[in-house]
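Just structure08.tsv here, TSV, C-alpha atoms and all ligand atoms:
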```
chain	number	residue	atom	x	y	z
A	215	MET	CA	-26.81	13.56	10.34
A	216	ALA	CA	-26.19	16.07	13.16
A	217	GLN	CA	-24.58	19.35	12.18
A	218	ARG	CA	-21.16	19.78	13.65
A	219	GLN	CA	-18.50	22.33	13.16
A	220	PRO	CA	-15.21	20.45	12.96
A	221	ALA	CA	-12.37	22.38	14.46
A	222	SER	CA	-10.13	21.99	11.42
A	223	ARG	CA	-12.47	23.73	8.97
A	224	PHE	CA	-13.34	26.31	11.54
A	225	GLY	CA	-9.63	26.93	11.99
A	226	VAL	CA	-9.19	27.40	8.26
A	227	ALA	CA	-12.03	29.93	8.22
A	228	ILE	CA	-10.49	31.84	11.13
A	229	GLY	CA	-7.20	31.90	9.28
A	230	LEU	CA	-8.89	33.28	6.20
A	231	TRP	CA	-10.80	35.78	8.29
A	232	CYS	CA	-7.57	37.07	9.81
A	233	LYS	CA	-5.92	37.23	6.41
A	234	ALA	CA	-8.90	38.99	4.89
A	235	ARG	CA	-8.65	41.68	7.56
A	236	GLY	CA	-5.04	42.39	6.52
A	237	THR	CA	-4.05	45.04	3.98
A	238	GLU	CA	-3.57	42.55	1.19
A	239	GLY	CA	-6.98	41.01	1.81
A	240	ARG	CA	-8.68	44.39	1.97
A	241	ALA	CA	-7.20	45.41	-1.34
A	242	ALA	CA	-8.11	42.17	-3.04
A	243	ARG	CA	-11.71	41.75	-1.84
A	244	SER	CA	-14.92	43.45	-2.84
A	245	ALA	CA	-16.80	45.60	-0.31
A	246	PRO	CA	-19.60	43.05	0.31
A	247	ALA	CA	-17.06	40.29	0.88
A	248	ARG	CA	-15.15	42.51	3.33
A	249	ALA	CA	-18.32	43.27	5.21
A	250	ALA	CA	-19.11	39.57	5.45
A	251	VAL	CA	-15.73	38.51	6.80
A	252	SER	CA	-15.20	41.37	9.20
A	253	LYS	CA	-17.98	40.46	11.64
A	254	HIS	CA	-17.17	37.19	13.33
A	255	PRO	CA	-15.40	33.92	12.55
A	256	ARG	CA	-18.77	32.20	12.09
A	257	SER	CA	-19.96	34.71	9.54
A	258	ALA	CA	-16.49	34.56	8.02
A	259	LEU	CA	-17.04	30.84	7.58
A	260	ALA	CA	-20.42	31.46	5.98
A	261	ALA	CA	-18.89	34.03	3.65
A	262	PHE	CA	-16.06	31.67	2.86
A	263	ARG	CA	-18.52	28.87	2.03
A	264	ALA	CA	-20.52	31.20	-0.20
A	265	ARG	CA	-17.40	32.29	-2.00
A	266	TYR	CA	-15.95	28.79	-2.38
A	267	PRO	CA	-18.93	26.41	-2.71
A	268	GLN	CA	-16.65	23.58	-3.83
A	269	TYR	CA	-15.27	23.54	-0.27
A	270	ALA	CA	-18.41	21.65	0.72
A	271	GLN	CA	-17.51	18.76	-1.55
A	272	THR	CA	-15.16	17.35	1.05
A	273	ALA	CA	-17.46	17.91	4.04
A	274	LEU	CA	-17.63	14.14	4.38
A	275	LEU	CA	-13.94	14.21	5.16
A	276	ASP	CA	-14.52	16.60	8.05
A	277	ASP	CA	-17.28	14.37	9.31
A	278	LEU	CA	-14.98	11.38	9.11
A	279	ARG	CA	-12.28	13.27	10.97
A	280	ALA	CA	-14.68	14.47	13.67
A	281	HIS	CA	-16.10	10.98	14.21
A	282	GLY	CA	-13.28	8.58	13.58
A	283	TYR	CA	-10.23	10.64	14.38
A	284	ALA	CA	-11.39	13.12	17.03
A	285	ARG	CA	-8.25	12.34	19.01
A	286	LEU	CA	-6.22	14.33	16.49
A	287	ASP	CA	-7.91	17.59	17.45
A	288	ARG	CA	-8.12	16.64	21.11
A	289	GLU	CA	-4.39	15.97	21.24
A	290	HIS	CA	-3.55	18.88	18.90
A	291	GLN	CA	-1.74	16.49	16.58
A	292	VAL	CA	-0.97	16.84	12.92
A	293	TYR	CA	-0.17	13.38	11.61
A	294	LEU	CA	1.66	13.05	8.30
A	295	ASP	CA	3.57	9.78	8.49
A	296	TYR	CA	1.30	7.80	6.17
A	297	THR	CA	4.17	5.87	4.63
A	298	GLY	CA	5.15	4.76	8.12
A	299	GLY	CA	1.66	3.77	9.23
A	300	SER	CA	-1.92	4.93	8.85
A	301	LEU	CA	-4.30	6.01	11.62
A	302	TYR	CA	-7.19	3.77	12.66
A	303	ALA	CA	-10.72	5.10	12.82
A	304	ILE	CA	-12.27	4.65	16.24
A	305	SER	CA	-15.11	2.73	14.58
A	306	GLN	CA	-12.65	-0.03	13.65
A	307	ILE	CA	-11.73	-0.54	17.29
A	308	GLU	CA	-15.36	-0.35	18.44
A	309	GLU	CA	-16.55	-2.85	15.87
A	310	HIS	CA	-13.72	-5.21	16.67
A	311	VAL	CA	-14.34	-5.03	20.42
A	312	ALA	CA	-18.08	-5.57	19.84
A	313	LEU	CA	-17.32	-8.65	17.74
A	314	LEU	CA	-14.96	-10.15	20.32
A	315	ASN	CA	-17.42	-9.31	23.06
A	316	ARG	CA	-20.32	-11.00	21.34
A	317	TYR	CA	-18.94	-14.27	20.01
A	318	VAL	CA	-16.69	-17.07	21.17
A	319	PHE	CA	-13.82	-17.68	18.78
A	320	GLY	CA	-11.36	-20.55	18.72
A	321	ASN	CA	-8.21	-21.32	16.79
A	322	PRO	CA	-9.17	-21.60	13.11
A	323	HIS	CA	-7.13	-24.79	12.74
A	324	SER	CA	-9.72	-26.80	14.67
A	325	ILE	CA	-13.19	-27.87	13.64
A	326	ASN	CA	-15.27	-27.15	16.73
A	327	PRO	CA	-18.01	-24.50	16.28
A	328	THR	CA	-15.94	-21.69	17.77
A	329	SER	CA	-13.05	-22.50	15.47
A	330	LEU	CA	-15.29	-22.77	12.44
A	331	ALA	CA	-16.72	-19.35	13.29
A	332	MET	CA	-13.20	-17.96	13.28
A	333	THR	CA	-12.29	-19.77	10.07
A	334	LYS	CA	-15.30	-18.20	8.41
A	335	LEU	CA	-14.17	-14.72	9.41
A	336	VAL	CA	-10.59	-15.32	8.29
A	337	GLU	CA	-11.82	-16.54	4.90
A	338	GLU	CA	-14.15	-13.55	4.64
A	339	ALA	CA	-11.18	-11.28	5.26
A	340	ARG	CA	-9.27	-13.11	2.51
A	341	HIS	CA	-12.13	-12.47	0.09
A	342	ALA	CA	-12.36	-8.84	1.18
A	343	VAL	CA	-8.69	-8.39	0.29
A	344	LEU	CA	-9.25	-9.92	-3.15
A	345	ARG	CA	-12.30	-7.71	-3.69
A	346	TYR	CA	-10.48	-4.58	-2.62
A	347	PHE	CA	-7.66	-5.21	-5.08
A	348	ASN	CA	-10.09	-6.30	-7.78
A	349	ALA	CA	-8.24	-9.61	-7.99
A	350	SER	CA	-9.84	-12.76	-9.32
A	351	ALA	CA	-9.81	-15.71	-6.92
A	352	ASP	CA	-8.96	-17.87	-9.93
A	353	GLU	CA	-5.80	-15.89	-10.48
A	354	TYR	CA	-4.64	-14.69	-7.05
A	355	VAL	CA	-4.25	-16.18	-3.58
A	356	VAL	CA	-4.11	-14.11	-0.39
A	357	ILE	CA	-1.46	-15.45	1.99
A	358	PHE	CA	-1.61	-13.78	5.38
A	359	THR	CA	1.76	-12.80	6.81
A	360	ALA	CA	2.94	-10.68	9.72
A	361	ASN	CA	3.77	-7.77	7.41
A	362	ALA	CA	5.20	-6.86	4.00
A	363	THR	CA	8.60	-8.06	5.15
A	364	GLY	CA	7.12	-11.50	5.87
A	365	ALA	CA	5.58	-11.55	2.40
A	366	LEU	CA	8.91	-10.69	0.77
A	367	ARG	CA	10.70	-13.30	2.85
A	368	LEU	CA	8.30	-15.99	1.63
A	369	ILE	CA	9.34	-15.17	-1.93
A	370	ALA	CA	13.03	-14.91	-1.03
A	371	GLU	CA	13.12	-18.32	0.65
A	372	ALA	CA	11.15	-20.20	-1.97
A	373	TYR	CA	12.00	-18.65	-5.33
A	374	PRO	CA	14.00	-21.09	-7.51
A	375	PHE	CA	17.15	-19.01	-8.01
A	376	GLU	CA	19.30	-22.11	-8.47
A	377	ASP	CA	20.27	-23.14	-12.01
A	378	ASP	CA	21.29	-19.80	-13.50
A	379	GLY	CA	18.62	-17.71	-11.78
A	380	HIS	CA	18.73	-13.93	-11.88
A	381	LEU	CA	17.53	-11.23	-9.49
A	382	VAL	CA	17.07	-7.62	-10.63
A	383	ILE	CA	16.36	-5.03	-7.95
A	384	THR	CA	16.18	-1.25	-8.02
A	385	TYR	CA	18.39	0.84	-5.74
A	386	ASP	CA	15.41	2.34	-3.99
A	387	ASN	CA	13.87	-0.90	-2.77
A	388	HIS	CA	13.10	-1.24	0.93
A	389	ASN	CA	15.71	-3.29	2.79
A	390	SER	CA	13.16	-6.06	3.20
A	391	ALA	CA	13.18	-6.41	-0.60
A	392	VAL	CA	16.93	-5.93	-0.97
A	393	GLY	CA	17.38	-8.78	1.50
A	394	ILE	CA	16.11	-11.18	-1.16
A	395	ARG	CA	19.60	-10.89	-2.68
A	396	GLU	CA	21.12	-12.95	0.13
A	397	HIS	CA	18.88	-15.90	-0.73
A	398	ALA	CA	19.56	-15.40	-4.43
A	399	ARG	CA	23.32	-15.27	-3.86
A	400	ALA	CA	23.27	-18.36	-1.66
A	401	GLN	CA	21.80	-20.22	-4.62
A	402	GLY	CA	24.39	-18.83	-7.03
A	403	ALA	CA	22.02	-16.50	-8.87
A	404	HIS	CA	23.12	-13.43	-10.85
A	405	LEU	CA	22.30	-10.10	-9.25
A	406	THR	CA	21.76	-6.78	-11.01
A	407	TYR	CA	21.01	-3.47	-9.31
A	408	VAL	CA	19.26	-0.78	-11.29
A	409	PRO	CA	20.44	2.71	-10.31
A	410	LEU	CA	18.54	5.95	-9.83
A	411	VAL	CA	19.04	9.16	-11.76
A	412	VAL	CA	19.24	12.58	-10.18
A	413	PRO	CA	17.64	14.93	-9.48
A	414	ASP	CA	14.25	13.19	-9.63
A	415	MET	CA	15.47	9.92	-8.15
A	416	GLN	CA	13.64	7.99	-10.85
A	417	VAL	CA	14.96	4.62	-11.92
A	418	ASP	CA	17.30	4.71	-14.89
A	419	GLU	CA	15.07	3.05	-17.48
A	420	THR	CA	17.92	2.42	-19.93
A	421	ALA	CA	19.76	0.48	-17.24
A	422	LEU	CA	16.54	-1.28	-16.26
A	423	PHE	CA	15.79	-2.55	-19.74
A	424	GLU	CA	19.43	-3.49	-20.29
A	425	ALA	CA	19.14	-5.65	-17.18
A	426	LEU	CA	15.82	-7.15	-18.22
A	427	ASP	CA	17.09	-7.89	-21.71
A	428	GLN	CA	20.00	-10.02	-20.50
A	429	PRO	CA	19.68	-13.58	-21.77
A	430	ASP	CA	19.20	-16.06	-18.94
A	431	THR	CA	18.10	-19.61	-18.85
A	432	GLY	CA	17.06	-19.86	-15.22
A	433	SER	CA	14.20	-18.32	-13.26
A	434	LYS	CA	14.27	-14.54	-13.24
A	435	LEU	CA	12.80	-12.26	-10.59
A	436	PHE	CA	12.43	-8.49	-10.88
A	437	VAL	CA	11.62	-6.72	-7.61
A	438	TYR	CA	10.61	-3.06	-7.37
A	439	PRO	CA	8.46	-0.82	-5.20
A	440	ALA	CA	5.26	0.60	-6.72
A	441	GLN	CA	6.12	3.60	-4.58
A	442	SER	CA	9.53	3.95	-3.04
A	443	ASN	CA	9.46	4.72	0.67
A	444	TYR	CA	12.89	6.21	0.22
A	445	THR	CA	12.32	8.67	-2.63
A	446	GLY	CA	8.52	8.79	-2.72
A	447	VAL	CA	8.71	8.12	-6.46
A	448	GLN	CA	5.93	6.02	-7.97
A	449	HIS	CA	7.39	3.75	-10.60
A	450	PRO	CA	5.47	2.78	-13.73
A	451	LEU	CA	3.24	-0.23	-13.25
A	452	GLU	CA	3.73	-0.75	-17.00
A	453	TRP	CA	7.09	-2.29	-16.11
A	454	ILE	CA	5.23	-5.36	-14.87
A	455	ALA	CA	4.08	-6.43	-18.34
A	456	SER	CA	7.34	-5.27	-19.95
A	457	ALA	CA	9.34	-7.51	-17.63
A	458	GLN	CA	6.95	-10.42	-18.01
A	459	GLU	CA	7.20	-10.20	-21.82
A	460	ARG	CA	10.93	-10.70	-21.34
A	461	GLY	CA	10.38	-13.80	-19.20
A	462	TRP	CA	10.64	-12.23	-15.74
A	463	ASP	CA	8.50	-12.86	-12.70
A	464	VAL	CA	7.65	-9.59	-10.99
A	465	ALA	CA	7.45	-8.97	-7.25
A	466	LEU	CA	5.79	-5.60	-6.73
A	467	ASP	CA	6.39	-4.22	-3.27
A	468	ALA	CA	3.19	-2.23	-2.78
A	469	ALA	CA	3.59	-1.51	0.94
A	470	SER	CA	3.84	2.26	0.64
A	471	PHE	CA	1.77	2.57	-2.56
A	472	VAL	CA	-1.53	1.03	-1.50
A	473	PRO	CA	-2.27	3.29	1.50
A	474	THR	CA	-3.00	6.18	-0.87
A	475	ASN	CA	-3.45	4.54	-4.27
A	476	ARG	CA	-5.63	1.84	-5.73
A	477	LEU	CA	-3.82	-1.18	-7.11
A	478	ASP	CA	-6.18	-2.83	-9.58
A	479	LEU	CA	-5.10	-6.43	-10.04
A	480	SER	CA	-7.53	-6.93	-12.89
A	481	ARG	CA	-5.40	-4.44	-14.83
A	482	TRP	CA	-1.92	-5.17	-13.47
A	483	HIS	CA	-0.82	-8.75	-13.01
A	484	PRO	CA	2.43	-8.98	-11.03
A	485	GLU	CA	3.31	-12.48	-9.84
A	486	PHE	CA	3.69	-11.24	-6.27
A	487	VAL	CA	2.47	-8.22	-4.27
A	488	SER	CA	3.65	-7.51	-0.71
A	489	LEU	CA	1.87	-5.23	1.77
A	490	SER	CA	1.19	-4.47	5.43
A	491	PHE	CA	-2.35	-3.64	6.54
A	492	TYR	CA	-1.42	-1.19	9.30
A	493	LYS	CA	-0.07	1.08	6.58
A	494	MET	CA	-3.47	1.05	4.92
A	495	PHE	CA	-5.85	1.42	7.85
A	496	GLY	CA	-3.81	1.63	11.02
A	497	TYR	CA	-5.30	-1.29	12.91
A	498	PRO	CA	-4.43	-4.05	13.38
A	499	THR	CA	-0.66	-4.17	13.31
A	500	GLY	CA	0.99	-7.53	12.81
A	501	VAL	CA	-0.99	-8.54	9.73
A	502	GLY	CA	0.00	-8.18	6.10
A	503	CYS	CA	-0.21	-10.36	3.06
A	504	LEU	CA	1.43	-11.75	0.01
A	505	LEU	CA	-0.93	-11.60	-2.94
A	506	ALA	CA	0.42	-14.22	-5.31
A	507	ARG	CA	-0.67	-15.56	-8.66
A	508	ARG	CA	-1.54	-19.21	-8.40
A	509	ALA	CA	0.72	-20.10	-11.34
A	510	ALA	CA	3.66	-18.32	-9.71
A	511	LEU	CA	3.15	-20.16	-6.41
A	512	GLU	CA	3.59	-23.46	-8.23
A	513	LYS	CA	7.13	-22.36	-8.99
A	514	LEU	CA	8.03	-21.76	-5.35
A	515	HIS	CA	9.62	-24.45	-3.18
A	516	ARG	CA	9.39	-23.81	0.52
A	517	PRO	CA	12.65	-24.73	2.23
A	518	ALA	CA	10.87	-26.26	5.21
A	519	PHE	CA	7.45	-27.10	6.57
A	520	SER	CA	5.78	-26.25	9.82
A	521	GLY	CA	2.51	-26.62	11.64
A	522	GLY	CA	-0.36	-25.39	9.53
A	523	THR	CA	1.44	-25.88	6.22
A	524	VAL	CA	1.42	-29.67	5.91
A	525	MET	CA	-1.28	-32.22	5.25
A	526	ALA	CA	0.82	-35.14	6.49
A	527	VAL	CA	4.24	-35.69	8.03
A	528	SER	CA	5.93	-39.02	8.59
A	529	VAL	CA	8.82	-39.18	11.00
A	530	VAL	CA	9.33	-42.81	10.09
A	531	ALA	CA	9.41	-42.38	6.30
A	532	ASP	CA	11.00	-38.93	6.65
A	533	SER	CA	8.47	-37.42	4.27
A	534	HIS	CA	5.81	-34.77	4.23
A	535	VAL	CA	2.97	-33.58	2.01
A	536	MET	CA	2.31	-29.86	1.84
A	537	LEU	CA	-1.17	-28.39	1.92
A	538	GLU	CA	-2.42	-26.32	-0.99
A	539	PRO	CA	-1.86	-22.53	-0.94
A	540	PRO	CA	-2.59	-20.37	0.95
A	541	ALA	CA	-2.20	-22.79	3.89
A	542	ALA	CA	1.14	-24.09	2.55
A	543	PHE	CA	2.58	-20.60	2.99
A	544	GLU	CA	1.05	-19.66	6.34
A	545	ASP	CA	3.36	-20.95	9.05
A	546	GLY	CA	1.67	-21.85	12.30
A	547	THR	CA	-1.55	-20.09	13.22
A	548	VAL	CA	-2.44	-16.86	11.46
A	549	ASN	CA	-2.84	-13.79	13.63
A	550	TYR	CA	-6.51	-14.63	13.55
A	551	ARG	CA	-8.25	-12.30	15.95
A	552	PRO	CA	-7.00	-9.08	14.38
A	553	ALA	CA	-6.90	-10.57	10.87
A	554	SER	CA	-10.46	-11.73	10.89
A	555	PRO	CA	-13.04	-8.98	11.04
A	556	GLY	CA	-14.16	-7.65	7.72
A	557	ALA	CA	-14.66	-4.51	9.81
A	558	HIS	CA	-11.11	-3.53	9.01
A	559	TRP	CA	-12.06	-3.29	5.39
A	560	HIS	CA	-15.09	-1.23	6.27
A	561	ARG	CA	-13.30	2.01	5.66
A	562	HIS	CA	-12.68	0.95	2.11
A	563	ASP	CA	-15.98	-0.76	1.45
A	564	SER	CA	-18.45	1.66	2.96
A	565	HIS	CA	-19.59	5.22	2.62
A	566	SER	CA	-16.28	6.59	3.83
A	567	GLY	CA	-14.54	4.14	1.52
A	568	GLU	CA	-16.18	5.91	-1.38
A	569	LEU	CA	-14.72	9.12	-0.07
A	570	SER	CA	-11.24	7.67	0.23
A	571	ASP	CA	-11.61	6.44	-3.36
A	572	GLN	CA	-12.62	9.92	-4.45
A	573	LEU	CA	-9.62	11.37	-2.68
A	574	VAL	CA	-7.28	8.79	-4.17
A	575	ASP	CA	-8.69	9.53	-7.64
A	576	ARG	CA	-8.41	13.24	-7.06
A	577	ALA	CA	-4.79	12.89	-5.94
A	578	ALA	CA	-4.04	10.79	-9.01
A	579	ARG	CA	-5.66	13.38	-11.29
A	580	ARG	CA	-3.69	16.12	-9.62
A	581	ARG	CA	-0.44	14.25	-10.10
A	582	ALA	CA	-1.29	13.72	-13.76
A	583	SER	CA	-2.16	17.37	-14.37
A	584	PRO	CA	0.32	19.70	-16.06
A	585	HIS	CA	0.16	22.04	-13.03
A	586	TRP	CA	1.48	19.35	-10.74
A	587	HIS	CA	4.54	19.08	-12.96
A	588	ALA	CA	4.99	22.77	-13.57
A	589	GLY	CA	8.31	23.76	-12.12
A	590	ARG	CA	9.61	20.22	-12.18
A	591	ARG	CA	12.58	19.84	-14.45
A	592	ASP	CA	11.18	16.69	-15.96
A	593	PRO	CA	7.52	17.06	-16.93
A	594	ARG	CA	6.86	13.36	-17.30
A	595	PRO	CA	3.88	12.18	-15.29
A	596	THR	CA	5.18	9.69	-12.77
A	597	ARG	CA	3.02	6.87	-14.00
A	598	SER	CA	3.53	7.16	-17.76
A	599	GLY	CA	6.45	4.82	-18.23
A	600	ALA	CA	7.45	6.79	-21.33
A	601	ALA	CA	11.13	7.06	-22.09
A	602	ARG	CA	12.55	10.06	-20.31
A	603	SER	CA	15.41	11.91	-18.81
A	604	ASN	CA	17.41	14.82	-19.81
A	605	HIS	CA	19.69	13.84	-16.95
A	606	ARG	CA	20.44	10.34	-18.06
A	607	ASP	CA	23.83	11.28	-19.42
A	608	GLN	CA	25.00	11.82	-15.86
A	609	PRO	CA	23.44	9.07	-13.85
A	610	ALA	CA	24.22	9.30	-10.15
A	611	ARG	CA	24.57	5.93	-8.50
A	612	TYR	CA	23.25	5.79	-5.02
A	613	GLY	CA	24.24	3.05	-2.72
A	614	TRP	CA	21.94	3.28	0.24
A	615	PRO	CA	18.82	1.28	-0.27
A	616	HIS	CA	17.22	1.52	3.10
A	617	GLY	CA	14.61	0.22	5.45
A	701	LIG	C1	8.02	0.08	0.33
A	701	LIG	C2	8.07	-0.69	1.63
A	701	LIG	N1	8.30	-2.01	1.59
A	701	LIG	C3	8.36	-2.75	2.69
A	701	LIG	C4	8.17	-2.17	3.93
A	701	LIG	C5	8.26	-3.05	5.14
A	701	LIG	O1	7.04	-3.04	5.80
A	701	LIG	P1	6.90	-3.82	7.19
A	701	LIG	O2	7.90	-3.20	8.12
A	701	LIG	O3	5.49	-3.59	7.60
A	701	LIG	O4	7.21	-5.24	6.93
A	701	LIG	C6	7.92	-0.80	4.03
A	701	LIG	C7	7.78	-0.15	5.33
A	701	LIG	O5	7.88	1.05	5.49
A	701	LIG	C8	7.86	-0.04	2.85
A	701	LIG	O6	7.60	1.27	2.86
```
Any chance you could put this one into structure tokens?
Amino acid sequence: MAQRQPASRFGVAIGLWCKARGTEGRAARSAPARAAVSKHPRSALAAFRARYPQYAQTALLDDLRAHGYARLDREHQVYLDYTGGSLYAISQIEEHVALLNRYVFGNPHSINPTSLAMTKLVEEARHAVLRYFNASADEYVVIFTANATGALRLIAEAYPFEDDGHLVITYDNHNSAVGIREHARAQGAHLTYVPLVVPDMQVDETALFEALDQPDTGSKLFVYPAQSNYTGVQHPLEWIASAQERGWDVALDAASFVPTNRLDLSRWHPEFVSLSFYKMFGYPTGVGCLLARRAALEKLHRPAFSGGTVMAVSVVADSHVMLEPPAAFEDGTVNYRPASPGAHWHRHDSHSGELSDQLVDRAARRRASPHWHAGRRDPRPTRSGAARSNHRDQPARYGWPHG
């Protein structure tokens, strides 16, 4: 691999060099270190590397940035909106263009060779999603949608809220999840909001379990974000099993969680998971998915059919027969060109994928460390699920779930 000097690390070294030349730096550093940093930014970098050898551990990240995201330095951009959407690596675009340039692809709903070629890629992408989330194909189905909102709408429209159904949602759900309430209400379901508690904006667990413990006879759906895009709080995934033990189906909105965290569906088993791929790897937009447990899908009743979802329709007998999932839930033609190439999963499957895993693990370890919580009023690690709150006696009720 060619040796490069990415601007970002070089910039850090220059910053340190300047700082080291200041009074504070002079006082704090030994004579040899001062001599090393006072010459030139390049020797400052060398001195810095010698002093902090662990800095080299993330060199792969610099390489990734220099190769895949060179436009950031070129355009002098600092991009931080990773809940809004992630950045694509240039390799994703190049691989996709090369694929489209090389082969002839048709609509995957047909059976000519070009269509079969496309179908193969779409199915490969489906398997790549299952692999990435460590989900068994016996347990989960990947239903391609336009985005997380589309995934949530599929649940909203088809969940059997009639006959004494119940919907429990947290205050900090995205509006696309809160919107499920309109479908629930239209079917006469009960609705319970679970409030947040200040100052940490965590969900009030007493209120949550009071809501989940209510006796109901109908179908019960609990919807919450694994990470709230509103507060940034990561809610305990342990709630999934707790709710299921009480007879609830769980829809986990993972749209803002999965870009920087692994969701292991061999460990956690929510009935439904909604997500948008552009939030994970920037390109393509317009493709997301509903990951749904096969057993849970059997419970859903789609309010209508459309092209792509039915095996047979009779206009004479006024009847129709739905296809099996996932087709039964994919209206019309999937966004097949962008959805297809496994290349979009490359970042997660390949060398650089290992790095992103390392970084995700490191971030998780940092969050779990006592230092991360030092200075916070509530020392509970965000993912523990343990009972908490010295602020529960004064719960603040917020009323602005947002989108
Ligand atoms: C937690 C959460 N859920 C759902 C969505 C909706 O995603 P989309 O607009 O891609 O459908 C977002 C988008 O920011 C989100 O952060």
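Coordinates place CA of Asp295 (chain A) at a distance of 24.4 Å from CA of Val437 (chain A).
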Do a neighbour search on Glu353 (chain A) at 8 Å with all atoms listed in the file, toss out local chain neighbours closer than 6 positions, and write the hits as a PDB file with C-alpha atoms, in the frame of the given file.
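Final file, around12.pdb:
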```pdb
ATOM      1  CA  ARG A 507      -0.670 -15.560  -8.660  1.00  0.00           C
ATOM      2  CA  ARG A 508      -1.540 -19.210  -8.400  1.00  0.00           C
ATOM      3  CA  ALA A 509       0.720 -20.100 -11.340  1.00  0.00           C
TER       4      ALA A 509
END
```
Using 5 Å of padding on each side, determine the axis-aligned box around all atoms of ligand LIG 701 (chain A) present in the file and give its centre and edge lengths in Å to one decimal, as JSON.
```
{"center_x": 6.9, "center_y": -2.0, "center_z": 4.2, "size_x": 12.9, "size_y": 16.5, "size_z": 17.8}
```
TODO: Report as JSON, numbers by chain which protein, DNA and RNA residues come within 8 Å of ligand LIG 701 (chain A), using all atoms listed in the file.
DONE: {"A": [297, 298, 299, 360, 361, 362, 363, 364, 365, 387, 388, 389, 390, 391, 439, 440, 441, 442, 443, 444, 467, 468, 469, 470, 471, 488, 489, 490, 491, 492, 493, 500, 502, 617]}
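Between CA of Tyr373 (chain A) and CA of Phe423 (chain A) the separation is 21.9 Å.
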- [ ] Would you kindly return, as a PyMOL selection string, each protein, DNA or RNA residue with an atom no farther than 7 Å from any atom of Val408 (chain A), considering all atoms listed in the file and excluding same-chain residues fewer than 6 positions away?
- [x] chain A and resi 383-385+417-418+421-422
Compile a residue-level contact table for region 291-362 of chain A against region 513-533 of chain A at a cut-off of 12 Å, reporting for every qualifying residue the shortest atom pair and its distance in Å to one decimal, with all atoms listed in the file counted, rows ordered by chain and ascending number, as a tab-separated table.
```
residue	atom	partner	partner_atom	distance
A:Asn321	CA	A:Gly522	CA	11.4
A:Pro322	CA	A:Gly522	CA	10.2
A:His323	CA	A:Gly522	CA	7.5
A:Ser324	CA	A:Gly522	CA	10.8
A:Ile357	CA	A:Thr523	CA	11.6
```
Open item on the list: From the options A:Val311, A:Ala273, A:Ile369, A:Val356, which residue's atoms come nearest to Val501 (chain A), counting only C-alpha atoms?
Closed with: A:Val356
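Using all atoms listed in the file, the shortest contact distance between Thr431 (chain A) and any of A:Pro255, A:Pro473, A:Gly320, A:Gly379 is found at A:Gly379.
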TODO: List every protein, DNA or RNA residue that has an atom no more than 10 Å from (-4.1, -16.1, 14.1) in the file's coordinate frame, counting all atoms listed in the file, and report them as a PyMOL selection string.
DONE: chain A and resi 320-323+332-333+336+358-360+501+544+546-554
Open item on the list: I'd like to know which of A:Ile394, A:Leu479, A:Leu537, A:Leu466 is closest to Pro450 (chain A), using only C-alpha atoms.
Closed with: A:Leu466
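Using only C-alpha atoms, the nearest neighbour of Ser305 (chain A) within the list A:Ala349, A:Tyr269, A:Tyr497, A:Ala261 is A:Tyr497.
Distances to Ala331 (chain A) were evaluated for A:Leu313, A:Val355, A:Val343, A:Val411 using all atoms listed in the file, and the minimum falls at A:Leu313.
Shell of Ala510 (chain A) at 10 Å, with all atoms listed in the file counted and residues fewer than 4 places along the chain excluded, is Glu353, Tyr354, Tyr373, Asp463, Val464, Pro484, Glu485, Phe486, Ala506 and Leu514 of chain A.
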Open item on the list: Can you measure CA of Glu371 (chain A) to CA of Ala465 (chain A) for me? One decimal in Å is fine.
Closed with: 13.5 Å
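Candidate residues A:Val535, A:Ala270, A:Ile454, A:Ala542 were compared for distance to Tyr438 (chain A), and the nearest is A:Ile454, using all atoms listed in the file.
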